[in-house]
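What follows is entry02.tsv (TSV, C-alpha atoms).
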```tsv
chain	number	residue	atom	x	y	z
A	1	MET	CA	97.41	19.94	65.73
A	2	ALA	CA	99.70	19.06	62.85
A	3	ALA	CA	100.69	22.01	60.70
A	4	VAL	CA	98.56	22.34	57.62
A	5	THR	CA	100.76	22.28	54.54
A	6	HIS	CA	100.19	25.09	52.11
A	7	ASP	CA	102.28	26.76	49.43
A	8	HIS	CA	103.54	30.28	49.96
A	9	ASP	CA	101.04	31.95	47.70
A	10	HIS	CA	98.17	30.60	49.70
A	11	HIS	CA	96.73	33.19	52.04
A	12	VAL	CA	96.67	32.22	55.72
A	13	GLU	CA	93.60	33.51	57.50
A	14	GLY	CA	94.36	36.45	59.78
A	15	LEU	CA	98.04	36.64	58.80
A	16	HIS	CA	99.37	40.06	57.85
A	17	HIS	CA	101.85	40.30	54.99
A	18	GLN	CA	104.84	41.48	57.03
A	19	PHE	CA	104.93	38.27	59.10
A	20	GLU	CA	106.26	34.87	58.13
A	21	ASP	CA	103.60	32.90	59.93
A	22	MET	CA	100.94	33.16	62.64
A	23	GLU	CA	103.38	32.16	65.33
A	24	GLN	CA	105.69	35.08	64.58
A	25	GLN	CA	102.74	37.45	64.29
A	26	SER	CA	101.23	36.41	67.63
A	27	GLU	CA	104.54	36.66	69.47
A	28	THR	CA	105.18	40.11	68.00
A	29	TYR	CA	101.73	41.24	69.14
A	30	LEU	CA	102.20	39.83	72.64
A	31	VAL	CA	105.73	41.16	73.18
A	32	GLY	CA	104.58	44.58	72.00
A	33	MET	CA	101.77	44.61	74.55
A	34	TRP	CA	103.97	43.29	77.34
A	35	SER	CA	106.62	45.95	76.72
A	36	PHE	CA	103.86	48.55	77.10
A	37	LEU	CA	102.75	46.88	80.34
A	38	VAL	CA	106.35	46.98	81.63
A	39	SER	CA	106.31	50.76	81.11
A	40	GLU	CA	103.05	50.82	83.05
A	41	VAL	CA	104.65	48.86	85.90
A	42	MET	CA	107.38	51.52	85.98
A	43	PHE	CA	104.79	54.32	85.99
A	44	PHE	CA	102.83	52.87	88.90
A	45	GLY	CA	106.04	51.61	90.54
A	46	ALA	CA	107.23	55.17	91.17
A	47	MET	CA	104.01	55.94	93.02
A	48	PHE	CA	104.23	52.69	95.00
A	49	LEU	CA	107.76	53.72	96.02
A	50	ALA	CA	106.55	57.13	97.23
A	51	TYR	CA	103.78	55.36	99.12
A	52	SER	CA	106.21	52.88	100.75
A	53	LEU	CA	108.51	55.66	101.97
A	54	TYR	CA	105.78	57.76	103.58
A	55	ARG	CA	103.97	54.73	104.99
A	56	TRP	CA	107.26	53.67	106.55
A	57	LYS	CA	107.84	57.09	108.10
A	58	TYR	CA	104.27	57.80	109.21
A	59	GLN	CA	102.90	54.33	109.96
A	60	ALA	CA	100.88	55.48	113.00
A	61	ASP	CA	99.29	58.44	111.18
A	62	PHE	CA	98.57	56.36	108.09
A	63	HIS	CA	96.88	53.75	110.25
A	64	ALA	CA	94.76	56.34	112.04
A	65	VAL	CA	93.56	58.17	108.95
A	66	HIS	CA	93.05	55.02	106.87
A	67	GLU	CA	90.10	54.20	109.14
A	68	ASN	CA	88.27	56.81	107.13
A	69	LEU	CA	88.24	54.47	104.12
A	70	SER	CA	85.57	51.76	103.99
A	71	VAL	CA	86.87	48.19	103.81
A	72	MET	CA	83.39	47.16	102.68
A	73	TRP	CA	83.41	49.34	99.54
A	74	GLY	CA	87.04	48.48	98.90
A	75	GLY	CA	86.22	44.77	99.22
A	76	ILE	CA	83.18	45.04	96.95
A	77	ASN	CA	85.27	46.85	94.34
A	78	THR	CA	87.99	44.19	94.59
A	79	THR	CA	85.35	41.50	94.02
A	80	VAL	CA	83.90	43.41	91.06
A	81	LEU	CA	87.34	43.75	89.43
A	82	LEU	CA	88.26	40.09	90.01
A	83	ILE	CA	84.97	39.02	88.41
A	84	SER	CA	85.63	41.40	85.50
A	85	SER	CA	89.02	39.73	84.98
A	86	PHE	CA	87.22	36.39	84.84
A	87	THR	CA	84.64	37.59	82.29
A	88	MET	CA	87.50	39.08	80.25
A	89	VAL	CA	89.44	35.82	80.17
A	90	MET	CA	86.24	33.99	79.19
A	91	GLY	CA	85.85	36.53	76.37
A	92	VAL	CA	89.33	35.60	75.13
A	93	HIS	CA	88.42	31.93	75.51
A	94	PHE	CA	85.36	32.32	73.27
A	95	ALA	CA	87.44	34.40	70.84
A	96	GLN	CA	89.73	31.36	70.49
A	97	LEU	CA	86.64	29.28	69.71
A	98	ARG	CA	85.38	32.05	67.39
A	99	LYS	CA	82.03	32.30	69.13
A	100	GLY	CA	81.36	35.97	68.39
A	101	LYS	CA	78.07	36.31	70.27
A	102	LEU	CA	79.57	34.89	73.46
A	103	VAL	CA	82.63	37.14	73.10
A	104	GLN	CA	80.35	40.17	72.90
A	105	MET	CA	78.42	39.00	75.98
A	106	MET	CA	81.60	38.52	78.00
A	107	LEU	CA	83.04	41.89	76.91
A	108	GLY	CA	79.70	43.46	77.84
A	109	ALA	CA	79.86	41.87	81.30
A	110	THR	CA	83.42	43.18	81.71
A	111	ILE	CA	82.32	46.70	80.78
A	112	ALA	CA	79.38	46.43	83.23
A	113	CYS	CA	81.79	45.48	86.04
A	114	ALA	CA	84.05	48.40	85.10
A	115	PHE	CA	81.12	50.81	85.33
A	116	GLY	CA	80.12	49.26	88.66
A	117	PHE	CA	83.64	49.88	89.99
A	118	LEU	CA	83.61	53.51	88.83
A	119	PHE	CA	80.10	54.03	90.20
A	120	ILE	CA	81.21	53.04	93.71
A	121	LYS	CA	84.31	55.23	93.43
A	122	PHE	CA	82.40	58.25	92.14
A	123	THR	CA	79.43	58.04	94.49
A	124	PHE	CA	80.28	56.32	97.79
A	125	GLU	CA	84.02	56.85	98.06
A	126	TRP	CA	85.54	60.01	96.58
A	127	PRO	CA	82.75	62.59	97.16
A	128	ALA	CA	82.58	61.71	100.89
A	129	LYS	CA	86.21	62.81	101.19
A	130	ALA	CA	85.38	66.27	99.85
A	131	VAL	CA	82.61	66.67	102.43
A	132	GLU	CA	85.01	65.63	105.22
A	133	HIS	CA	87.71	68.04	103.99
A	134	LEU	CA	90.09	65.21	103.19
A	135	VAL	CA	90.96	66.33	99.67
A	136	PRO	CA	94.51	67.75	99.83
A	137	GLY	CA	94.35	71.53	99.75
A	138	PRO	CA	93.98	74.66	101.92
A	139	THR	CA	91.14	73.30	104.05
A	140	PHE	CA	92.49	69.76	104.46
A	141	GLY	CA	92.00	68.31	107.92
A	142	THR	CA	89.84	71.14	109.28
A	143	ILE	CA	87.30	68.55	110.42
A	144	LYS	CA	89.27	66.89	113.22
A	145	GLU	CA	86.96	63.88	113.60
A	146	ALA	CA	87.56	62.84	109.99
A	147	LEU	CA	91.29	62.50	110.71
A	148	HIS	CA	90.68	59.78	113.33
A	149	GLY	CA	93.49	61.18	115.48
A	150	ALA	CA	96.13	61.41	112.75
A	151	ASN	CA	98.33	64.47	112.44
A	152	PRO	CA	97.05	66.60	109.57
A	153	ARG	CA	100.18	66.82	107.40
A	154	PRO	CA	100.98	63.08	107.25
A	155	ALA	CA	97.24	62.51	106.76
A	156	GLU	CA	97.38	64.93	103.82
A	157	LEU	CA	100.27	62.89	102.39
A	158	PHE	CA	98.14	59.76	102.75
A	159	PHE	CA	95.24	61.30	100.86
A	160	SER	CA	97.53	62.84	98.21
A	161	LEU	CA	98.82	59.33	97.53
A	162	TYR	CA	95.31	57.90	97.74
A	163	PHE	CA	93.87	60.27	95.15
A	164	ALA	CA	96.93	60.08	92.88
A	165	MET	CA	97.07	56.28	92.86
A	166	THR	CA	93.36	55.42	92.85
A	167	GLY	CA	92.85	58.33	90.44
A	168	PHE	CA	95.35	57.02	87.90
A	169	HIS	CA	93.90	53.57	88.40
A	170	ALA	CA	90.38	54.87	87.68
A	171	LEU	CA	91.74	56.64	84.60
A	172	HIS	CA	93.03	53.26	83.40
A	173	ILE	CA	89.57	51.78	84.00
A	174	ILE	CA	87.99	54.52	81.86
A	175	VAL	CA	90.51	53.91	79.05
A	176	GLY	CA	89.80	50.18	79.44
A	177	ILE	CA	86.05	50.73	79.02
A	178	LEU	CA	86.68	52.65	75.78
A	179	MET	CA	88.95	49.92	74.40
A	180	LEU	CA	86.56	47.12	75.43
A	181	ALA	CA	83.63	48.94	73.83
A	182	TYR	CA	85.62	49.45	70.62
A	183	LEU	CA	86.62	45.78	70.61
A	184	ALA	CA	83.05	44.58	71.28
A	185	ASN	CA	81.86	46.72	68.39
A	186	MET	CA	84.46	45.15	66.08
A	187	TRP	CA	83.16	41.72	67.08
A	188	ARG	CA	79.58	42.88	66.44
A	189	LYS	CA	80.57	44.02	62.94
A	190	GLU	CA	82.51	40.76	62.49
A	191	HIS	CA	85.63	42.70	61.59
A	192	PRO	CA	88.22	40.20	60.22
A	193	LEU	CA	91.00	41.72	62.35
A	194	VAL	CA	89.39	40.24	65.47
A	195	THR	CA	87.34	37.32	64.12
A	196	LYS	CA	90.15	35.69	62.10
A	197	ASP	CA	92.70	35.95	64.92
A	198	TYR	CA	91.99	35.89	68.65
A	199	VAL	CA	95.24	37.63	69.69
A	200	PRO	CA	93.96	41.26	69.34
A	201	THR	CA	91.20	40.35	71.83
A	202	GLU	CA	93.86	38.79	74.07
A	203	LEU	CA	95.88	42.05	73.98
A	204	ILE	CA	92.97	44.12	75.33
A	205	GLY	CA	92.56	41.34	77.91
A	206	LEU	CA	96.20	41.71	78.99
A	207	TYR	CA	95.63	45.43	79.56
A	208	TRP	CA	92.49	44.71	81.56
A	209	HIS	CA	94.23	42.15	83.78
A	210	PHE	CA	96.99	44.69	84.41
A	211	VAL	CA	94.40	47.16	85.72
A	212	ASP	CA	93.17	44.38	88.01
A	213	LEU	CA	96.76	43.69	89.14
A	214	VAL	CA	97.28	47.30	90.22
A	215	TRP	CA	94.12	47.16	92.33
A	216	ILE	CA	95.23	43.88	93.94
A	217	PHE	CA	98.07	45.89	95.50
A	218	LEU	CA	96.17	49.15	96.07
A	219	PHE	CA	93.46	47.45	98.12
A	220	PRO	CA	95.61	46.09	101.01
A	221	LEU	CA	97.92	49.13	100.94
A	222	PHE	CA	95.18	51.72	101.39
A	223	TYR	CA	92.29	49.89	103.03
A	224	LEU	CA	94.05	47.40	105.34
A	225	ILE	CA	96.77	49.30	107.21
A	226	PRO	CA	97.68	47.57	110.50
A	227	ARG	CA	98.00	49.43	113.78
B	228	MET	CA	113.12	25.60	66.82
B	229	LYS	CA	111.77	23.72	69.73
B	230	GLY	CA	108.45	24.32	71.36
B	231	THR	CA	106.70	25.18	68.11
B	232	HIS	CA	103.79	22.96	69.02
B	233	HIS	CA	102.80	25.05	71.99
B	234	GLN	CA	103.50	28.43	70.47
B	235	GLY	CA	101.79	27.88	67.15
B	236	ALA	CA	98.68	26.02	68.18
B	237	HIS	CA	96.53	28.23	70.36
B	238	HIS	CA	96.51	26.70	73.77
B	239	ILE	CA	92.87	26.52	74.78
B	240	VAL	CA	92.51	26.43	78.55
B	241	PRO	CA	89.39	24.67	79.90
B	242	PRO	CA	86.98	27.24	81.43
B	243	LEU	CA	86.97	25.29	84.69
B	244	THR	CA	90.58	26.39	85.23
B	245	TYR	CA	89.43	30.01	85.02
B	246	VAL	CA	86.54	29.36	87.43
B	247	LYS	CA	88.94	27.78	89.94
B	248	THR	CA	91.34	30.71	89.57
B	249	LEU	CA	88.53	33.20	90.25
B	250	ALA	CA	87.45	31.20	93.32
B	251	ALA	CA	91.05	31.17	94.60
B	252	LEU	CA	91.39	34.93	94.03
B	253	LEU	CA	88.16	35.68	95.91
B	254	ALA	CA	89.18	33.37	98.78
B	255	LEU	CA	92.57	35.11	99.00
B	256	MET	CA	90.81	38.48	99.13
B	257	GLY	CA	88.73	37.19	102.08
B	258	LEU	CA	91.92	36.02	103.78
B	259	THR	CA	93.67	39.36	103.33
B	260	ILE	CA	90.69	41.22	104.86
B	261	TYR	CA	90.62	38.72	107.75
B	262	PHE	CA	94.33	39.05	108.52
B	263	GLY	CA	94.18	42.83	108.03
B	264	GLY	CA	91.86	43.08	111.04
B	265	ILE	CA	93.99	41.05	113.43
B	266	VAL	CA	96.19	42.96	115.85
B	267	PHE	CA	99.35	40.92	116.40
B	268	GLY	CA	101.45	41.56	119.47
B	269	PRO	CA	105.22	42.02	119.30
B	270	GLN	CA	106.84	39.10	117.50
B	271	HIS	CA	110.04	37.39	118.55
B	272	LEU	CA	112.08	36.17	115.62
B	273	PHE	CA	115.70	35.04	115.70
B	274	GLY	CA	116.28	36.87	118.97
B	275	LEU	CA	114.80	40.11	117.59
B	276	THR	CA	111.58	41.71	118.73
B	277	ILE	CA	109.58	43.21	115.89
B	278	ASP	CA	106.33	45.11	115.83
B	279	GLY	CA	103.18	43.05	115.13
B	280	SER	CA	102.29	45.32	112.18
B	281	TYR	CA	105.26	43.89	110.26
B	282	LEU	CA	103.50	40.53	110.36
B	283	ASN	CA	100.26	42.11	109.03
B	284	ASN	CA	102.20	43.81	106.24
B	285	GLY	CA	104.08	40.63	105.41
B	286	ILE	CA	100.90	38.56	105.18
B	287	ALA	CA	99.07	41.23	103.15
B	288	MET	CA	101.92	41.50	100.62
B	289	LEU	CA	102.39	37.73	100.44
B	290	ILE	CA	98.70	37.32	99.59
B	291	ALA	CA	98.82	40.20	97.08
B	292	VAL	CA	101.85	38.65	95.34
B	293	THR	CA	100.09	35.26	95.24
B	294	LYS	CA	97.00	36.87	93.69
B	295	ALA	CA	99.19	38.72	91.18
B	296	PHE	CA	100.96	35.45	90.33
B	297	LEU	CA	97.62	33.72	89.64
B	298	VAL	CA	96.39	36.58	87.45
B	299	ILE	CA	99.67	36.77	85.48
B	300	THR	CA	100.17	33.03	84.94
B	301	ILE	CA	96.57	31.93	84.29
B	302	PHE	CA	94.44	34.93	83.29
B	303	MET	CA	97.23	36.62	81.32
B	304	GLY	CA	98.26	33.25	79.93
B	305	VAL	CA	101.97	33.63	80.66
B	306	LYS	CA	102.05	29.99	81.76
B	307	TYR	CA	101.18	28.95	78.20
B	308	ALA	CA	103.19	31.66	76.41
B	309	SER	CA	106.57	31.50	74.65
B	310	SER	CA	109.84	32.07	76.50
B	311	LEU	CA	110.24	35.54	75.01
B	312	VAL	CA	106.83	36.61	76.35
B	313	LYS	CA	107.73	35.10	79.75
B	314	LEU	CA	110.93	37.14	79.79
B	315	TRP	CA	109.05	40.35	79.05
B	316	ALA	CA	106.46	39.56	81.71
B	317	MET	CA	109.25	39.23	84.29
B	318	MET	CA	111.00	42.41	83.15
B	319	GLY	CA	108.68	44.84	84.92
B	320	PHE	CA	109.00	43.01	88.20
B	321	ILE	CA	112.76	42.92	87.97
B	322	TRP	CA	112.59	46.69	87.67
B	323	LEU	CA	110.46	46.81	90.82
B	324	THR	CA	113.39	45.41	92.82
B	325	LEU	CA	114.95	48.87	92.33
B	326	ILE	CA	112.34	50.05	94.81
B	327	PHE	CA	113.97	47.98	97.53
B	328	ILE	CA	117.38	49.42	96.68
B	329	ILE	CA	115.98	52.95	96.97
B	330	LEU	CA	114.24	52.05	100.25
B	331	ASN	CA	117.58	50.77	101.55
B	332	ASP	CA	119.12	54.10	100.67
B	333	TYR	CA	116.50	56.03	102.63
B	334	GLY	CA	116.68	53.60	105.53
B	335	THR	CA	120.43	53.88	106.01
B	336	ARG	CA	120.95	57.63	105.58
B	337	LYS	CA	122.37	59.54	108.51
B	338	TYR	CA	120.85	62.87	107.53
B	339	GLU	CA	117.26	63.82	106.89
B	340	PRO	CA	116.45	64.06	103.20
B	341	VAL	CA	113.62	66.55	103.82
B	342	PRO	CA	112.44	68.56	106.83
B	343	SER	CA	110.31	66.57	109.26
B	344	TRP	CA	111.76	63.30	108.06
B	345	THR	CA	111.69	61.75	111.51
B	346	LYS	CA	109.11	59.61	113.25
B	347	GLU	CA	108.99	62.05	116.17
B	348	ASP	CA	108.01	65.00	114.01
B	349	ALA	CA	104.26	65.43	113.75
B	350	GLY	CA	104.74	66.63	110.21
B	351	THR	CA	104.53	70.30	111.15
B	352	GLY	CA	108.08	70.83	109.92
B	353	MET	CA	106.65	71.28	106.46
B	354	ASN	CA	106.32	74.87	107.54
B	355	ARG	CA	102.68	75.53	106.81
B	356	THR	CA	100.77	77.76	109.16
B	357	MET	CA	97.24	76.63	108.57
B	358	GLU	CA	94.12	76.01	110.60
B	359	SER	CA	94.60	72.28	110.33
B	360	ASN	CA	98.08	72.51	111.89
B	361	LYS	CA	96.47	73.64	115.13
B	362	ASP	CA	95.33	71.26	117.81
B	363	MET	CA	91.87	71.12	119.38
B	364	ASP	CA	92.66	74.14	121.60
B	365	GLY	CA	93.91	76.27	118.73
B	366	ARG	CA	97.63	75.93	119.56
B	367	MET	CA	100.09	75.19	116.77
B	368	LEU	CA	101.17	71.54	116.72
B	369	ARG	CA	104.85	71.19	117.49
B	370	SER	CA	107.42	68.55	116.88
B	371	ARG	CA	107.51	66.24	119.82
B	372	PRO	CA	110.94	66.25	121.52
```
Target encoding structure tokens, full file:
Amino acid sequence: MAAVTHDHDHHVEGLHHQFEDMEQQSETYLVGMWSFLVSEVMFFGAMFLAYSLYRWKYQADFHAVHENLSVMWGGINTTVLLISSFTMVMGVHFAQLRKGKLVQMMLGATIACAFGFLFIKFTFEWPAKAVEHLVPGPTFGTIKEALHGANPRPAELFFSLYFAMTGFHALHIIVGILMLAYLANMWRKEHPLVTKDYVPTELIGLYWHFVDLVWIFLFPLFYLIPR
Amino acid sequence: MKGTHHQGAHHIVPPLTYVKTLAALLALMGLTIYFGGIVFGPQHLFGLTIDGSYLNNGIAMLIAVTKAFLVITIFMGVKYASSLVKLWAMMGFIWLTLIFIILNDYGTRKYEPVPSWTKEDAGTGMNRTMESNKDMDGRMLRSRP
């Protein structure tokens, strides 16, 4: 679209006073969010490094004990997160078109998926590990059958990494739910910060896709370990 | 400045693109589960014999990287973003290459960085005398010679 000519005193919708134009404002927003996401990549990267080293050293034990995790629940959760990424991107799409009601619907669907993910984690996945004595600690591995033939100490390493990495991932999901709910409420109130400019909605979307990205790697690394 | 057209005007992607991306991501997830369950025999590559699990790992990571690429370019809109945003998006993954340098370090050391840092060790070298370190008959697990 050709640039609309306007004199400098004219107020551009959604433009904050410290920026020259919308283009500069949007890029500043996006680069700010991406630099945060880079720090997140570093944060998770350290844990992925620890995982790689121990997986490398204890491949056989990691394979044996990983059979305790359910590929079905892992797969369902992957599907749920991928769908939530889709509803999120559709939310941003409707934000570009300024269709507030549809944005709220899409954000609501994303939040519903997030709760679905956490529900599976908190009911079918994590608590079962406590029952089977697979939570790292003094009684870890005392139920031999739950280890599926793995040596207890490498198995404990596996579950330390599992709880640390899926735990921090779940924490990011919880933070994501809070941000999405806050954003949806701003749309409901037709707050000019989000209705006049779609980029703030896009920024929350970027965060949400990052959470999805982490899971894309966690799923094969923890649930699909080859023999 | 060049490229102002694309950066200024909000690039609106047709929803069908997002639907196709989702379908591709779900299909790739199915593929990764399928290949995760296959037990490959030893592989012969360039005169070397490697364990079949390396092939599983390679396929799993290739699929994961492809999925990540789709999410970053389409869902996160990096494909339609300015060069500066593209640069920032790549930054984190450039940092990740450090991981491979650190893995190289571990892989080529001649000494053990920590006790029990050998494949032969059952992990009992961590010096914990606990119930779970005993085998089925109640004997302490020992490092295999």
- Task: Record the distance separating CA of Thr166 (chain A) and CA of Leu69 (chain A), expressed in Å with one decimal.
- Result: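 Separating CA of Thr166 (chain A) from CA of Leu69 (chain A) is a distance of 12.4 Å.
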- Query: How far is it from CA of Ser309 (chain B) to CA of Val103 (chain A), in Å with one decimal?
  - Reply: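 A separation of 24.6 Å between them.
Taking CA of Ile299 (chain B) and CA of Val312 (chain B) as endpoints, the distance between them is 11.6 Å.
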- Message: Residues near region 22-37 of chain A, anyone? I mean within 10 Å using all atoms listed in the file, not counting same-chain ones fewer than 6 positions away, as number ranges by chain.
- Response: A: 12-16, 43, 197-200, 202-204, 206-207, 210-211; B: 231-237, 308-319
Written selection (C-alpha atoms) as a tab-separated table (two decimals), in the coordinates of the input:
```tsv
chain	number	residue	atom	x	y	z
A	12	VAL	CA	96.67	32.22	55.72
A	13	GLU	CA	93.60	33.51	57.50
A	14	GLY	CA	94.36	36.45	59.78
A	15	LEU	CA	98.04	36.64	58.80
A	16	HIS	CA	99.37	40.06	57.85
A	43	PHE	CA	104.79	54.32	85.99
A	197	ASP	CA	92.70	35.95	64.92
A	198	TYR	CA	91.99	35.89	68.65
A	199	VAL	CA	95.24	37.63	69.69
A	200	PRO	CA	93.96	41.26	69.34
A	202	GLU	CA	93.86	38.79	74.07
A	203	LEU	CA	95.88	42.05	73.98
A	204	ILE	CA	92.97	44.12	75.33
A	206	LEU	CA	96.20	41.71	78.99
A	207	TYR	CA	95.63	45.43	79.56
A	210	PHE	CA	96.99	44.69	84.41
A	211	VAL	CA	94.40	47.16	85.72
B	231	THR	CA	106.70	25.18	68.11
B	232	HIS	CA	103.79	22.96	69.02
B	233	HIS	CA	102.80	25.05	71.99
B	234	GLN	CA	103.50	28.43	70.47
B	235	GLY	CA	101.79	27.88	67.15
B	236	ALA	CA	98.68	26.02	68.18
B	237	HIS	CA	96.53	28.23	70.36
B	308	ALA	CA	103.19	31.66	76.41
B	309	SER	CA	106.57	31.50	74.65
B	310	SER	CA	109.84	32.07	76.50
B	311	LEU	CA	110.24	35.54	75.01
B	312	VAL	CA	106.83	36.61	76.35
B	313	LYS	CA	107.73	35.10	79.75
B	314	LEU	CA	110.93	37.14	79.79
B	315	TRP	CA	109.05	40.35	79.05
B	316	ALA	CA	106.46	39.56	81.71
B	317	MET	CA	109.25	39.23	84.29
B	318	MET	CA	111.00	42.41	83.15
B	319	GLY	CA	108.68	44.84	84.92
```
- Query: Which polymer residues have any atom within 9 Å of an atom of region 127-136 of chain A, counting all atoms listed in the file, with same-chain residues fewer than 6 positions away left out, as a ChimeraX atom specification?
  - Reply: /A:68,121,142-143,145-147,155-157,159-160,163
- Query: Near Asn185 (chain A), within 12 Å and counting all atoms listed in the file, which residues show up once chain neighbours fewer than 3 positions away are dropped, as a PyMOL selection string?
  - Reply: chain A and resi 100-101+103-105+107-108+178-182+188-191+194-195+201
Might you pull out every residue within 9 Å of Phe48 (chain A), with all atoms listed in the file counted and same-chain residues fewer than 4 positions away left off, and present them as an mmCIF file with C-alpha atoms, keeping the file's coordinate frame?
```cif
data_model
loop_
_atom_site.group_PDB
_atom_site.id
_atom_site.type_symbol
_atom_site.label_atom_id
_atom_site.label_comp_id
_atom_site.auth_asym_id
_atom_site.auth_seq_id
_atom_site.Cartn_x
_atom_site.Cartn_y
_atom_site.Cartn_z
ATOM 1 C CA PHE A 44 102.830 52.870 88.900
ATOM 2 C CA SER A 52 106.210 52.880 100.750
ATOM 3 C CA LEU A 53 108.510 55.660 101.970
ATOM 4 C CA LEU A 161 98.820 59.330 97.530
ATOM 5 C CA MET A 165 97.070 56.280 92.860
ATOM 6 C CA LEU A 218 96.170 49.150 96.070
ATOM 7 C CA ILE B 326 112.340 50.050 94.810
#
```
- Message: Could you check which residues have any atom within 10 Å of (100.3, 40.7, 94.8), counting all atoms listed in the file with coordinates taken straight from the file, and then list them as a list in words?
- Response: Leu213, Val214, Trp215, Ile216, Phe217, Leu218 and Pro220 of chain A; Ala287, Met288, Leu289, Ile290, Ala291, Val292, Thr293, Lys294, Ala295, Phe296, Leu297 and Val298 of chain B
- Item | Option closest in space to Ala164 (chain A), from A:Trp126, A:Phe94, A:Trp208, A:Lys57 [counting all atoms listed in the file] | A:Trp126
- Item | Closest of A:Gly137, A:Gly167, A:Gly149, A:Gly45 to chain B - atom-to-atom distances counting only C-alpha atoms |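 So, comparing all the options, the nearest one is A:Gly45.
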Some atoms are absent from region 113-127 of chain A, so rebuild N, CA and C atoms and return them as a compact mmCIF listing (two decimals), keeping the file's coordinate frame.
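Final file, rebuild22.txt:
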```txt
# COMPACT_ATOMS: atom_id res chain seq x y z
N CYS A 113 81.01 45.50 84.80
CA CYS A 113 81.79 45.48 86.04
C CYS A 113 82.62 46.75 86.18
N ALA A 114 83.21 47.19 85.07
CA ALA A 114 84.05 48.40 85.10
C ALA A 114 83.21 49.61 85.51
N PHE A 115 81.99 49.71 84.95
CA PHE A 115 81.12 50.81 85.33
C PHE A 115 80.70 50.70 86.80
N GLY A 116 80.47 49.47 87.26
CA GLY A 116 80.12 49.26 88.66
C GLY A 116 81.23 49.76 89.58
N PHE A 117 82.47 49.45 89.22
CA PHE A 117 83.64 49.88 89.99
C PHE A 117 83.67 51.41 90.06
N LEU A 118 83.54 52.04 88.88
CA LEU A 118 83.61 53.51 88.83
C LEU A 118 82.45 54.13 89.60
N PHE A 119 81.27 53.51 89.50
CA PHE A 119 80.10 54.03 90.20
C PHE A 119 80.36 54.12 91.70
N ILE A 120 80.90 53.04 92.27
CA ILE A 120 81.21 53.04 93.71
C ILE A 120 82.24 54.10 94.04
N LYS A 121 83.27 54.20 93.20
CA LYS A 121 84.31 55.23 93.43
C LYS A 121 83.73 56.63 93.38
N PHE A 122 82.90 56.90 92.38
CA PHE A 122 82.40 58.25 92.14
C PHE A 122 81.24 58.65 93.03
N THR A 123 80.57 57.66 93.66
CA THR A 123 79.43 58.04 94.49
C THR A 123 79.70 57.83 95.98
N PHE A 124 80.13 56.63 96.36
CA PHE A 124 80.28 56.32 97.79
C PHE A 124 81.65 56.68 98.35
N GLU A 125 82.67 56.69 97.51
CA GLU A 125 84.02 56.85 98.06
C GLU A 125 84.57 58.28 97.93
N TRP A 126 84.88 58.72 96.72
CA TRP A 126 85.54 60.01 96.58
C TRP A 126 84.74 61.21 97.10
N PRO A 127 83.46 61.37 96.74
CA PRO A 127 82.75 62.59 97.16
C PRO A 127 82.70 62.76 98.68
```
